[in-house]
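Heads up, protein-v4.csv below (CSV, C-alpha atoms):
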chain,number,residue,atom,x,y,z
A,36,MET,CA,123.4,139.8,47.4
A,37,ALA,CA,125.4,143.0,48.1
A,38,PRO,CA,129.1,142.3,49.0
A,39,LYS,CA,130.0,142.7,52.6
A,40,ARG,CA,131.6,146.0,53.5
A,41,GLN,CA,135.1,145.5,54.7
A,42,SER,CA,135.7,147.6,57.8
A,43,ALA,CA,138.6,150.1,57.6
A,44,ILE,CA,141.9,149.0,59.0
A,45,LEU,CA,142.1,150.4,62.5
A,46,PRO,CA,145.4,151.1,64.3
A,47,GLN,CA,146.7,148.0,66.0
A,48,PRO,CA,148.2,148.1,69.5
A,49,LYS,CA,151.9,148.7,69.4
A,50,LYS,CA,153.8,145.5,69.4
A,51,PRO,CA,156.8,145.2,71.7
A,52,ARG,CA,159.9,145.7,69.7
A,53,PRO,CA,162.4,142.9,69.8
A,54,ALA,CA,165.6,143.3,71.7
A,55,ALA,CA,168.2,145.1,69.7
A,56,ALA,CA,170.8,143.0,68.1
A,57,PRO,CA,174.0,142.7,70.0
A,58,LYS,CA,176.5,145.4,69.0
A,59,LEU,CA,179.3,144.4,66.8
A,60,GLU,CA,182.5,144.5,68.8
A,61,ASP,CA,185.3,146.6,67.6
A,62,LYS,CA,187.3,144.7,65.1
A,63,SER,CA,190.5,145.6,66.7
A,64,ALA,CA,189.2,144.2,70.0
A,65,SER,CA,188.5,140.8,68.4
A,66,PRO,CA,191.1,140.3,65.7
A,67,GLY,CA,190.7,136.6,65.9
A,68,LEU,CA,186.9,136.6,64.9
A,69,PRO,CA,186.4,134.6,61.7
A,70,LYS,CA,185.4,136.7,58.7
A,71,GLY,CA,182.1,134.8,58.2
A,72,GLU,CA,181.0,135.6,61.8
A,73,LYS,CA,181.9,139.3,61.4
A,74,GLU,CA,179.8,139.5,58.2
A,75,GLN,CA,176.8,137.8,60.0
A,76,GLN,CA,177.1,140.2,63.0
A,77,GLU,CA,177.1,143.2,60.7
A,78,ALA,CA,174.1,141.9,58.8
A,79,ILE,CA,172.1,141.5,62.0
A,80,GLU,CA,172.9,145.1,63.1
A,81,HIS,CA,171.8,146.4,59.7
A,82,ILE,CA,168.6,144.4,59.8
A,83,ASP,CA,167.8,145.9,63.2
A,84,GLU,CA,168.4,149.4,61.8
A,85,VAL,CA,166.0,148.7,58.9
A,86,GLN,CA,163.4,147.2,61.2
A,87,ASN,CA,163.5,150.3,63.3
A,88,GLU,CA,162.6,152.4,60.2
A,89,ILE,CA,159.8,150.0,59.3
A,90,ASP,CA,158.3,150.2,62.8
A,91,ARG,CA,158.5,154.0,62.7
A,92,LEU,CA,156.6,154.1,59.4
A,93,ASN,CA,154.0,151.6,60.8
A,94,GLU,CA,153.4,153.9,63.7
A,95,GLN,CA,153.1,156.9,61.4
A,96,ALA,CA,150.7,155.0,59.1
A,97,SER,CA,148.5,154.0,62.1
A,98,GLU,CA,148.1,157.7,63.1
A,99,GLU,CA,147.2,158.7,59.6
A,100,ILE,CA,144.8,155.8,59.1
A,101,LEU,CA,143.0,156.8,62.4
A,102,LYS,CA,142.6,160.4,61.2
A,103,VAL,CA,141.1,159.2,57.8
A,104,GLU,CA,138.8,156.8,59.6
A,105,GLN,CA,137.6,159.5,62.0
A,106,LYS,CA,136.9,161.8,59.0
A,107,TYR,CA,134.9,159.3,57.1
A,108,ASN,CA,133.1,158.1,60.2
A,109,LYS,CA,131.6,161.6,60.5
A,110,LEU,CA,130.8,161.7,56.8
A,111,ARG,CA,128.9,158.4,57.0
A,112,GLN,CA,126.6,159.5,59.9
A,113,PRO,CA,123.9,161.3,57.8
A,114,PHE,CA,123.6,158.3,55.5
A,115,PHE,CA,123.3,155.9,58.5
A,116,GLN,CA,120.5,158.2,59.8
A,117,LYS,CA,118.7,158.3,56.5
A,118,ARG,CA,119.0,154.5,56.2
A,119,SER,CA,117.5,154.0,59.7
A,120,GLU,CA,114.6,156.2,58.8
A,121,LEU,CA,113.9,154.1,55.7
A,122,ILE,CA,114.3,150.8,57.6
A,123,ALA,CA,111.7,152.0,60.1
A,124,LYS,CA,109.1,151.7,57.3
A,125,ILE,CA,109.8,148.0,56.9
A,126,PRO,CA,108.0,145.8,59.6
A,127,ASN,CA,110.2,143.2,61.4
A,128,PHE,CA,113.3,144.3,59.5
A,129,TRP,CA,115.8,143.8,62.3
A,130,VAL,CA,114.4,140.5,63.7
A,131,THR,CA,114.4,139.1,60.1
A,132,THR,CA,118.0,140.3,59.7
A,133,PHE,CA,119.1,138.6,62.9
A,134,VAL,CA,117.3,135.4,62.2
A,135,ASN,CA,118.9,135.2,58.8
A,136,HIS,CA,122.4,135.7,60.1
A,137,PRO,CA,124.0,132.3,60.9
A,138,GLN,CA,125.9,133.4,64.0
A,139,VAL,CA,123.2,135.6,65.6
A,140,SER,CA,120.4,133.1,64.9
A,141,ALA,CA,122.3,130.4,66.8
A,142,LEU,CA,121.7,132.5,69.9
A,143,LEU,CA,118.0,133.0,69.4
A,144,GLY,CA,115.4,131.0,71.2
A,145,GLU,CA,111.7,131.2,70.1
A,146,GLU,CA,110.9,133.7,72.9
A,147,ASP,CA,113.9,135.8,72.0
A,148,GLU,CA,112.7,135.9,68.5
A,149,GLU,CA,109.2,137.0,69.7
A,150,ALA,CA,110.8,139.8,71.8
A,151,LEU,CA,112.8,141.0,68.9
A,152,HIS,CA,109.7,141.5,66.9
A,153,TYR,CA,109.4,144.7,68.9
A,154,LEU,CA,112.9,145.9,67.9
A,155,THR,CA,112.5,149.0,65.7
A,156,ARG,CA,116.0,150.4,65.4
A,157,VAL,CA,119.6,149.5,65.9
A,158,GLU,CA,122.4,152.0,66.0
A,159,VAL,CA,126.2,151.5,66.3
A,160,THR,CA,128.2,154.5,67.5
A,161,GLU,CA,132.0,154.6,67.3
A,162,PHE,CA,133.6,156.7,70.1
A,163,GLU,CA,135.3,159.9,69.0
A,164,ASP,CA,138.7,158.5,68.7
A,165,ILE,CA,137.3,155.2,67.3
A,166,LYS,CA,140.0,152.9,68.7
A,167,SER,CA,138.8,153.4,72.3
A,168,GLY,CA,135.4,151.6,71.8
A,169,ASN,CA,131.8,151.8,70.6
A,170,ARG,CA,128.2,151.6,71.7
A,171,ILE,CA,125.3,149.5,70.3
A,172,ASP,CA,121.8,150.8,71.0
A,173,PHE,CA,118.6,148.7,70.5
A,174,TYR,CA,115.3,150.6,70.4
A,175,PHE,CA,112.1,148.8,71.2
A,176,ASP,CA,108.4,149.5,71.0
A,177,GLU,CA,106.1,148.8,74.0
A,178,ASN,CA,106.3,145.1,74.6
A,179,PRO,CA,105.2,142.4,77.1
A,180,TYR,CA,108.8,141.5,78.1
A,181,PHE,CA,110.5,144.6,79.6
A,182,GLU,CA,109.9,148.2,80.4
A,183,ASN,CA,113.0,149.7,78.7
A,184,LYS,CA,112.6,151.6,75.5
A,185,VAL,CA,116.3,151.4,74.7
A,186,LEU,CA,118.9,148.7,75.6
A,187,SER,CA,122.6,149.7,75.2
A,188,LYS,CA,125.9,148.0,75.6
A,189,GLU,CA,129.3,149.8,75.5
A,190,PHE,CA,132.7,148.5,74.9
A,191,HIS,CA,135.9,150.3,76.0
A,192,LEU,CA,139.6,149.9,75.6
A,193,ASN,CA,141.8,151.8,78.1
A,194,GLU,CA,145.2,153.2,77.4
A,195,SER,CA,146.9,149.9,78.1
A,196,GLY,CA,144.5,148.1,75.7
A,197,ASP,CA,142.5,146.2,78.4
A,198,PRO,CA,138.8,145.7,77.4
A,199,SER,CA,135.8,146.4,79.5
A,200,SER,CA,132.0,146.7,78.9
A,201,LYS,CA,128.9,148.0,80.6
A,202,SER,CA,125.2,147.8,79.6
A,203,THR,CA,121.7,148.9,80.4
A,204,GLU,CA,120.0,147.0,83.2
A,205,ILE,CA,117.0,145.2,81.7
A,206,LYS,CA,113.8,145.9,83.7
A,207,TRP,CA,111.9,142.7,83.1
A,208,LYS,CA,108.2,142.5,83.6
A,209,SER,CA,106.9,139.9,86.0
A,210,GLY,CA,107.7,136.4,84.9
A,211,LYS,CA,109.1,137.5,81.6
A,212,ASP,CA,112.9,137.4,82.3
A,213,LEU,CA,114.1,135.5,79.2
A,214,THR,CA,117.6,135.0,80.7
A,215,LYS,CA,116.1,132.7,83.3
A,216,HIS,CA,114.0,130.6,80.9
A,217,SER,CA,116.4,127.7,80.6
A,218,SER,CA,113.7,125.6,78.8
A,219,GLN,CA,113.5,128.1,76.0
A,220,THR,CA,113.3,126.2,72.7
A,221,GLN,CA,115.4,126.9,69.7
A,222,ASN,CA,114.0,128.6,66.6
A,223,LYS,CA,114.0,126.9,63.2
A,224,ALA,CA,117.3,128.4,62.1
A,225,SER,CA,119.1,127.1,65.3
A,226,ARG,CA,117.6,123.6,64.9
A,227,LYS,CA,118.8,123.4,61.4
A,228,ARG,CA,122.3,124.1,62.4
A,229,GLN,CA,122.0,121.6,65.3
A,230,HIS,CA,123.3,123.8,68.0
A,231,GLU,CA,123.0,123.0,71.6
A,232,GLU,CA,120.3,124.7,73.7
A,233,PRO,CA,121.2,128.4,73.4
A,234,GLU,CA,121.4,130.9,76.2
A,235,SER,CA,119.0,133.8,75.7
A,236,PHE,CA,120.1,136.6,73.3
A,237,PHE,CA,119.5,139.0,76.1
A,238,SER,CA,122.1,137.3,78.3
A,239,TRP,CA,124.6,139.1,76.2
A,240,PHE,CA,123.6,142.4,77.9
A,241,THR,CA,124.5,141.2,81.3
A,242,ASP,CA,127.6,139.2,80.4
A,243,HIS,CA,130.7,141.3,81.2
A,244,SER,CA,133.0,138.4,82.1
A,245,ASP,CA,135.1,138.6,79.0
A,246,ALA,CA,134.7,141.9,77.2
A,247,GLY,CA,137.6,140.9,74.9
A,248,ALA,CA,135.7,137.9,73.6
A,249,ASN,CA,132.7,140.0,72.4
A,250,GLU,CA,131.8,137.9,69.4
A,251,LEU,CA,128.2,139.1,69.1
A,252,GLY,CA,129.1,142.7,69.4
A,253,GLU,CA,131.8,142.4,66.7
A,254,VAL,CA,129.3,140.6,64.4
A,255,ILE,CA,126.7,143.4,64.8
A,256,LYS,CA,129.3,146.2,64.5
A,257,ASP,CA,131.5,144.9,61.7
A,258,ASP,CA,129.2,142.5,59.7
A,259,ILE,CA,125.6,143.5,60.1
A,260,TRP,CA,125.7,147.2,60.7
A,261,PRO,CA,127.6,148.2,57.6
A,262,ASN,CA,125.0,146.5,55.3
A,263,PRO,CA,122.1,144.9,57.1
A,264,MET,CA,120.1,144.6,53.9
A,265,GLN,CA,122.3,141.7,52.7
A,266,TYR,CA,120.9,139.6,55.5
A,267,TYR,CA,117.4,140.9,55.4
A,268,LEU,CA,117.1,139.8,51.8
A,269,VAL,CA,118.5,136.3,52.4
A,270,PRO,CA,115.9,133.8,51.1
A,271,ASP,CA,114.0,131.8,53.7
A,272,MET,CA,115.9,128.5,53.9
A,273,ASP,CA,112.8,126.6,54.8
A,274,ASP,CA,111.1,127.8,51.6
A,275,GLU,CA,114.2,126.8,49.6
A,276,GLU,CA,114.3,123.3,51.2
A,277,GLY,CA,110.6,122.9,50.6
A,278,GLU,CA,111.0,123.9,46.9
A,279,ALA,CA,113.9,121.5,46.6
A,280,GLU,CA,111.9,118.7,48.1
A,281,ASP,CA,109.0,119.4,45.7
A,282,ASP,CA,111.4,119.3,42.8
A,283,ASP,CA,112.8,116.0,44.0
A,284,ASP,CA,109.2,114.6,44.3
A,285,GLU,CA,108.4,115.8,40.8
A,286,ASP,CA,111.6,114.2,39.5
A,287,LYS,CA,110.7,111.0,41.2
A,288,GLU,CA,107.2,111.0,39.8
A,289,GLU,CA,108.5,111.7,36.3
A,290,GLU,CA,111.0,108.8,36.7
A,291,GLY,CA,108.2,106.6,37.9
A,292,LEU,CA,106.1,107.5,34.9
A,293,GLU,CA,109.0,106.8,32.6
A,294,ASP,CA,109.5,103.4,34.2
A,295,ILE,CA,105.8,102.6,33.7
A,296,ASP,CA,106.0,103.6,30.1
A,297,GLU,CA,109.1,101.5,29.5
A,298,GLU,CA,107.4,98.5,31.2
A,299,GLY,CA,104.3,99.1,29.0
A,300,ASP,CA,106.4,99.2,25.9
A,301,GLU,CA,108.1,95.9,26.9
A,302,ASP,CA,104.7,94.3,27.6
A,303,GLU,CA,103.4,95.4,24.2
A,304,GLY,CA,106.5,94.0,22.6
A,305,GLU,CA,106.0,90.7,24.3
A,306,GLU,CA,102.4,90.6,23.1
A,307,ASP,CA,103.4,91.3,19.6
A,308,ASP,CA,105.9,88.5,19.7
A,309,ASP,CA,103.2,86.1,21.0
A,310,GLU,CA,100.9,87.1,18.2
A,311,GLU,CA,103.5,86.5,15.6
A,312,GLU,CA,104.3,83.1,17.1
A,313,GLY,CA,100.6,82.3,17.0
A,314,GLU,CA,100.2,83.3,13.4
A,315,GLU,CA,103.3,81.2,12.4
A,316,GLY,CA,101.8,78.2,14.2
A,317,GLU,CA,98.5,78.6,12.3
A,318,GLU,CA,100.4,78.7,9.0
A,319,ASP,CA,102.3,75.6,9.9
A,320,GLU,CA,99.1,73.7,10.7
A,321,GLY,CA,97.6,74.9,7.4
A,322,GLU,CA,100.6,73.5,5.5
A,323,ASP,CA,100.3,70.1,7.3
A,324,ASP,CA,96.7,69.8,6.2
Hey, can you dump this file as C-alpha coordinates for me?
Amino acid sequence: MAPKRQSAILPQPKKPRPAAAPKLEDKSASPGLPKGEKEQQEAIEHIDEVQNEIDRLNEQASEEILKVEQKYNKLRQPFFQKRSELIAKIPNFWVTTFVNHPQVSALLGEEDEEALHYLTRVEVTEFEDIKSGNRIDFYFDENPYFENKVLSKEFHLNESGDPSSKSTEIKWKSGKDLTKHSSQTQNKASRKRQHEEPESFFSWFTDHSDAGANELGEVIKDDIWPNPMQYYLVPDMDDEEGEAEDDDDEDKEEEGLEDIDEEGDEDEGEEDDDEEEGEEGEEDEGEDD
(Lines of atoms letter the chains of each structure in order from A and count residues from 1; the text may use other names and numbers.)
(Lines give C-alpha, C1' and ligand atoms only; values in the text may rest on other atoms or scores of the structure.)
Protein backbone atom coordinates (compact mmCIF):
# COMPACT_ATOMS: atom_id res chain seq x y z
CA MET A 1 0.00 0.00 0.00
CA ALA A 2 1.33 3.42 -0.86
CA PRO A 3 2.30 5.49 2.18
CA LYS A 4 0.01 8.31 3.08
CA ARG A 5 1.09 11.71 1.90
CA GLN A 6 1.75 14.03 4.75
CA SER A 7 0.22 17.41 4.09
CA ALA A 8 2.57 20.38 4.13
CA ILE A 9 2.81 22.30 7.37
CA LEU A 10 0.52 25.26 7.04
CA PRO A 11 1.01 28.48 8.96
CA GLN A 12 -0.55 28.31 12.37
CA PRO A 13 -2.59 31.16 13.87
CA LYS A 14 -0.43 33.52 15.83
CA LYS A 15 -0.38 32.60 19.47
CA PRO A 16 -0.76 35.38 22.00
CA ARG A 17 2.62 36.23 23.35
CA PRO A 18 3.04 35.84 27.07
CA ALA A 19 3.27 38.96 29.14
CA ALA A 20 6.73 40.39 29.23
CA ALA A 21 8.76 39.53 32.26
CA PRO A 22 8.85 42.26 34.89
CA LYS A 23 11.74 44.63 34.31
CA LEU A 24 14.67 44.35 36.59
CA GLU A 25 14.71 47.25 38.96
CA ASP A 26 17.77 49.43 39.05
CA LYS A 27 20.26 47.84 41.38
CA SER A 28 20.86 51.12 43.09
CA ALA A 29 17.12 51.37 43.81
CA SER A 30 17.10 48.01 45.62
CA PRO A 31 20.48 47.64 47.23
CA GLY A 32 19.07 45.13 49.68
CA LEU A 33 17.91 42.59 47.02
CA PRO A 34 19.67 39.26 47.60
CA LYS A 35 22.17 38.25 44.96
CA GLY A 36 20.30 35.04 44.07
CA GLU A 37 17.06 36.92 43.35
CA LYS A 38 18.90 39.47 41.20
CA GLU A 39 20.40 36.69 39.07
CA GLN A 40 16.99 35.01 38.70
CA GLN A 41 15.38 38.29 37.61
CA GLU A 42 18.11 38.91 35.05
CA ALA A 43 17.70 35.36 33.66
CA ILE A 44 13.93 35.90 33.24
CA GLU A 45 14.53 39.11 31.28
CA HIS A 46 17.09 37.43 29.02
CA ILE A 47 14.75 34.48 28.41
CA ASP A 48 12.03 36.93 27.34
CA GLU A 49 14.40 38.60 24.89
CA VAL A 50 15.40 35.22 23.39
CA GLN A 51 11.75 34.17 23.16
CA ASN A 52 10.95 37.34 21.24
CA GLU A 53 13.57 36.37 18.66
CA ILE A 54 12.15 32.83 18.43
CA ASP A 55 8.63 34.22 17.86
CA ARG A 56 9.94 36.56 15.17
CA LEU A 57 11.61 33.65 13.34
CA ASN A 58 8.45 31.53 13.64
CA GLU A 59 6.39 34.27 12.01
CA GLN A 60 8.96 34.62 9.25
CA ALA A 61 8.99 30.84 8.72
CA SER A 62 5.19 30.75 8.48
CA GLU A 63 5.22 33.37 5.73
CA GLU A 64 7.88 31.51 3.77
CA ILE A 65 6.16 28.12 4.22
CA LEU A 66 2.94 29.64 2.90
CA LYS A 67 4.71 30.92 -0.22
CA VAL A 68 6.27 27.49 -0.84
CA GLU A 69 2.95 25.71 -0.36
CA GLN A 70 1.22 28.12 -2.74
CA LYS A 71 3.91 27.48 -5.35
CA TYR A 72 3.68 23.70 -5.15
CA ASN A 73 -0.10 23.73 -4.94
CA LYS A 74 -0.11 25.28 -8.42
CA LEU A 75 2.46 22.78 -9.68
CA ARG A 76 0.34 19.86 -8.46
CA GLN A 77 -2.82 20.93 -10.30
CA PRO A 78 -1.99 19.42 -13.75
CA PHE A 79 -1.21 16.09 -12.09
CA PHE A 80 -4.45 16.14 -10.11
CA GLN A 81 -6.29 16.80 -13.37
CA LYS A 82 -4.53 13.94 -15.14
CA ARG A 83 -5.27 11.61 -12.22
CA SER A 84 -8.97 12.55 -12.31
CA GLU A 85 -9.11 11.72 -16.02
CA LEU A 86 -7.61 8.29 -15.36
CA ILE A 87 -9.84 7.61 -12.37
CA ALA A 88 -12.89 8.31 -14.57
CA LYS A 89 -12.02 5.15 -16.51
CA ILE A 90 -12.47 2.98 -13.39
CA PRO A 91 -16.12 2.16 -12.55
CA ASN A 92 -17.19 2.82 -8.94
CA PHE A 93 -13.75 4.13 -8.00
CA TRP A 94 -14.93 6.73 -5.49
CA VAL A 95 -17.65 4.71 -3.79
CA THR A 96 -15.15 1.87 -3.34
CA THR A 97 -12.60 4.30 -1.91
CA PHE A 98 -15.11 5.74 0.58
CA VAL A 99 -16.40 2.33 1.64
CA ASN A 100 -12.84 1.15 2.25
CA HIS A 101 -11.99 4.17 4.41
CA PRO A 102 -12.74 3.37 8.08
CA GLN A 103 -13.96 6.84 9.08
CA VAL A 104 -16.02 7.58 5.97
CA SER A 105 -17.59 4.12 5.81
CA ALA A 106 -18.91 4.63 9.34
CA LEU A 107 -21.14 7.40 7.95
CA LEU A 108 -22.53 5.39 5.05
CA GLY A 109 -25.90 3.68 5.11
CA GLU A 110 -26.87 1.24 2.38
CA GLU A 111 -28.85 3.89 0.47
CA ASP A 112 -25.94 6.34 0.77
CA GLU A 113 -23.71 3.73 -0.78
CA GLU A 114 -26.20 3.19 -3.60
CA ALA A 115 -26.31 6.94 -4.29
CA LEU A 116 -22.50 7.15 -4.29
CA HIS A 117 -22.36 4.61 -7.12
CA TYR A 118 -23.28 7.58 -9.33
CA LEU A 119 -20.31 9.64 -8.05
CA THR A 120 -17.85 10.05 -10.93
CA ARG A 121 -15.36 12.64 -9.71
CA VAL A 122 -14.15 14.35 -6.55
CA GLU A 123 -12.10 17.55 -6.59
CA VAL A 124 -10.47 19.42 -3.70
CA THR A 125 -9.52 23.03 -4.37
CA GLU A 126 -7.42 25.10 -2.00
CA PHE A 127 -8.19 28.82 -2.04
CA GLU A 128 -5.53 31.11 -3.44
CA ASP A 129 -3.90 31.92 -0.11
CA ILE A 130 -4.53 28.32 1.12
CA LYS A 131 -4.89 29.20 4.79
CA SER A 132 -8.29 30.88 4.25
CA GLY A 133 -10.07 27.63 3.29
CA ASN A 134 -10.96 25.14 0.57
CA ARG A 135 -13.80 23.70 -1.49
CA ILE A 136 -14.72 20.04 -2.11
CA ASP A 137 -16.74 19.23 -5.26
CA PHE A 138 -18.61 15.96 -5.90
CA TYR A 139 -19.66 15.26 -9.51
CA PHE A 140 -22.57 12.87 -10.15
CA ASP A 141 -24.13 11.17 -13.14
CA GLU A 142 -27.89 11.27 -13.63
CA ASN A 143 -29.34 9.36 -10.68
CA PRO A 144 -32.69 8.54 -9.02
CA TYR A 145 -31.91 10.52 -5.84
CA PHE A 146 -31.33 14.20 -6.69
CA GLU A 147 -31.24 16.61 -9.63
CA ASN A 148 -27.82 18.16 -8.96
CA LYS A 149 -24.90 17.32 -11.19
CA VAL A 150 -22.42 18.81 -8.69
CA LEU A 151 -22.55 19.04 -4.90
CA SER A 152 -20.04 21.36 -3.25
CA LYS A 153 -19.08 22.40 0.25
CA GLU A 154 -16.77 25.31 1.09
CA PHE A 155 -14.87 26.05 4.27
CA HIS A 156 -13.64 29.52 5.16
CA LEU A 157 -11.49 31.08 7.86
CA ASN A 158 -11.88 34.82 8.34
CA GLU A 159 -9.06 37.12 9.40
CA SER A 160 -9.74 36.44 13.06
CA GLY A 161 -9.56 32.68 12.45
CA ASP A 162 -13.29 31.96 12.91
CA PRO A 163 -14.48 29.07 10.69
CA SER A 164 -17.61 29.04 8.56
CA SER A 165 -19.01 26.84 5.79
CA LYS A 166 -21.58 26.86 3.01
CA SER A 167 -22.75 24.23 0.56
CA THR A 168 -24.94 23.40 -2.42
CA GLU A 169 -28.62 22.91 -1.68
CA ILE A 170 -29.46 19.32 -2.62
CA LYS A 171 -32.51 19.14 -4.89
CA TRP A 172 -33.93 15.78 -3.82
CA LYS A 173 -36.30 13.90 -6.06
CA SER A 174 -39.71 13.00 -4.62
CA GLY A 175 -39.41 10.60 -1.69
CA LYS A 176 -35.63 10.24 -2.11
CA ASP A 177 -34.30 12.61 0.59
CA LEU A 178 -31.73 10.36 2.29
CA THR A 179 -31.26 12.82 5.15
CA LYS A 180 -34.81 12.04 6.27
CA HIS A 181 -34.54 8.27 6.05
CA SER A 182 -33.89 7.56 9.73
CA SER A 183 -34.45 3.83 9.15
CA GLN A 184 -31.55 3.62 6.74
CA THR A 185 -29.54 0.48 7.48
CA GLN A 186 -25.80 0.36 7.87
CA ASN A 187 -23.58 -1.09 5.21
CA LYS A 188 -21.35 -4.09 5.93
CA ALA A 189 -18.32 -1.99 6.78
CA SER A 190 -20.29 -0.03 9.39
CA ARG A 191 -21.80 -3.17 10.92
CA LYS A 192 -18.39 -4.74 11.31
CA ARG A 193 -17.21 -1.73 13.25
CA GLN A 194 -20.37 -1.88 15.38
CA HIS A 195 -21.19 1.81 15.06
CA GLU A 196 -24.54 3.17 16.05
CA GLU A 197 -27.13 3.89 13.36
CA PRO A 198 -25.40 6.53 11.19
CA GLU A 199 -26.79 9.78 9.91
CA SER A 200 -26.80 10.03 6.15
CA PHE A 201 -23.51 10.91 4.47
CA PHE A 202 -25.45 13.66 2.69
CA SER A 203 -26.38 15.31 6.01
CA TRP A 204 -22.83 16.62 6.00
CA PHE A 205 -23.76 19.04 3.19
CA THR A 206 -26.44 20.69 5.28
CA ASP A 207 -24.62 20.70 8.62
CA HIS A 208 -23.03 24.11 9.24
CA SER A 209 -23.48 24.08 13.01
CA ASP A 210 -19.79 23.62 13.81
CA ALA A 211 -17.56 24.36 10.83
CA GLY A 212 -14.52 24.08 13.07
CA ALA A 213 -15.27 20.40 13.76
CA ASN A 214 -15.26 19.38 10.11
CA GLU A 215 -13.93 15.85 10.52
CA LEU A 216 -15.27 14.46 7.24
CA GLY A 217 -13.99 17.40 5.20
CA GLU A 218 -10.55 17.12 6.79
CA VAL A 219 -10.43 13.37 6.10
CA ILE A 220 -11.30 13.87 2.43
CA LYS A 221 -8.91 16.81 1.98
CA ASP A 222 -5.89 15.60 3.96
CA ASP A 223 -6.13 11.81 3.84
CA ILE A 224 -8.11 10.62 0.82
CA TRP A 225 -7.48 13.34 -1.79
CA PRO A 226 -3.65 13.23 -1.71
CA ASN A 227 -3.67 9.50 -2.57
CA PRO A 228 -7.12 7.90 -3.02
CA MET A 229 -5.59 4.81 -4.63
CA GLN A 230 -4.35 3.54 -1.28
CA TYR A 231 -7.96 3.10 -0.14
CA TYR A 232 -9.35 1.92 -3.46
CA LEU A 233 -6.87 -0.98 -3.40
CA VAL A 234 -7.60 -2.05 0.18
CA PRO A 235 -8.65 -5.75 0.06
CA ASP A 236 -12.29 -6.49 0.78
CA MET A 237 -12.41 -7.36 4.48
CA ASP A 238 -15.33 -9.76 3.96
CA ASP A 239 -13.27 -11.74 1.46
CA GLU A 240 -10.33 -11.81 3.85
CA GLU A 241 -12.52 -12.98 6.72
CA GLY A 242 -14.09 -15.63 4.47
CA GLU A 243 -10.67 -16.88 3.46
CA ALA A 244 -9.56 -16.94 7.09
CA GLU A 245 -12.65 -18.94 8.05
CA ASP A 246 -11.99 -21.38 5.20
CA ASP A 247 -8.40 -21.78 6.40
CA ASP A 248 -9.63 -22.42 9.94
CA ASP A 249 -12.10 -25.02 8.67
CA GLU A 250 -9.36 -26.73 6.68
CA ASP A 251 -7.07 -26.74 9.72
CA LYS A 252 -9.84 -28.24 11.85
CA GLU A 253 -10.52 -30.92 9.22
CA GLU A 254 -6.82 -31.78 9.07
CA GLU A 255 -6.67 -31.94 12.86
CA GLY A 256 -9.74 -34.19 12.83
CA LEU A 257 -8.16 -36.53 10.29
CA GLU A 258 -4.97 -36.64 12.34
CA ASP A 259 -6.98 -37.54 15.46
CA ILE A 260 -8.76 -40.30 13.54
CA ASP A 261 -5.44 -41.64 12.27
CA GLU A 262 -4.00 -41.61 15.77
CA GLU A 263 -7.06 -43.42 17.15
CA GLY A 264 -6.78 -45.95 14.34
CA ASP A 265 -3.13 -46.57 15.15
CA GLU A 266 -4.01 -47.05 18.81
CA ASP A 267 -6.77 -49.54 17.92
CA GLU A 268 -4.40 -51.48 15.67
CA GLY A 269 -1.86 -51.56 18.47
CA GLU A 270 -4.44 -52.94 20.89
CA GLU A 271 -5.48 -55.62 18.35
CA ASP A 272 -1.84 -56.63 17.90
CA ASP A 273 -1.46 -56.94 21.68
CA ASP A 274 -4.59 -59.11 21.88
CA GLU A 275 -3.30 -61.35 19.10
CA GLU A 276 0.07 -61.75 20.85
CA GLU A 277 -1.67 -62.58 24.11
CA GLY A 278 -3.82 -65.14 22.30
CA GLU A 279 -0.78 -66.82 20.71
CA GLU A 280 0.98 -66.97 24.08
CA GLY A 281 -2.11 -68.60 25.61
CA GLU A 282 -2.19 -71.26 22.88
CA GLU A 283 1.52 -72.00 23.44
CA ASP A 284 0.90 -72.41 27.18
CA GLU A 285 -1.95 -74.85 26.58
CA GLY A 286 0.27 -76.85 24.20
CA GLU A 287 2.95 -77.18 26.85
CA ASP A 288 0.38 -78.37 29.42
CA ASP A 289 -0.72 -81.11 27.06
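Rounded to one decimal, atom CA of Ser202 of chain A and atom CA of Phe128 of chain A lie 23.6 Å from each other.
A straight line drawn from atom CA of Ile255 of chain A to atom CA of Thr155 of chain A is 15.3 Å long.
Nearest to Arg156 of chain A of all the residues A:Phe237, A:Phe114, A:Trp260, A:Trp207 is A:Trp260, counting all atoms listed in the file.
Distance check against Phe240 of chain A using all atoms listed in the file: of A:Leu143, A:Leu101, A:Val254, A:Ile205, the minimum falls on A:Ile205.
Here atom CA of Ser200 of chain A stands at a distance of 7.1 Å from atom CA of Lys188 of chain A.
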* **Option closest in space to Ile125 of chain A, from A:Leu192, A:Met264, A:Val85, A:Ala78 [counting all atoms listed in the file]** => A:Met264
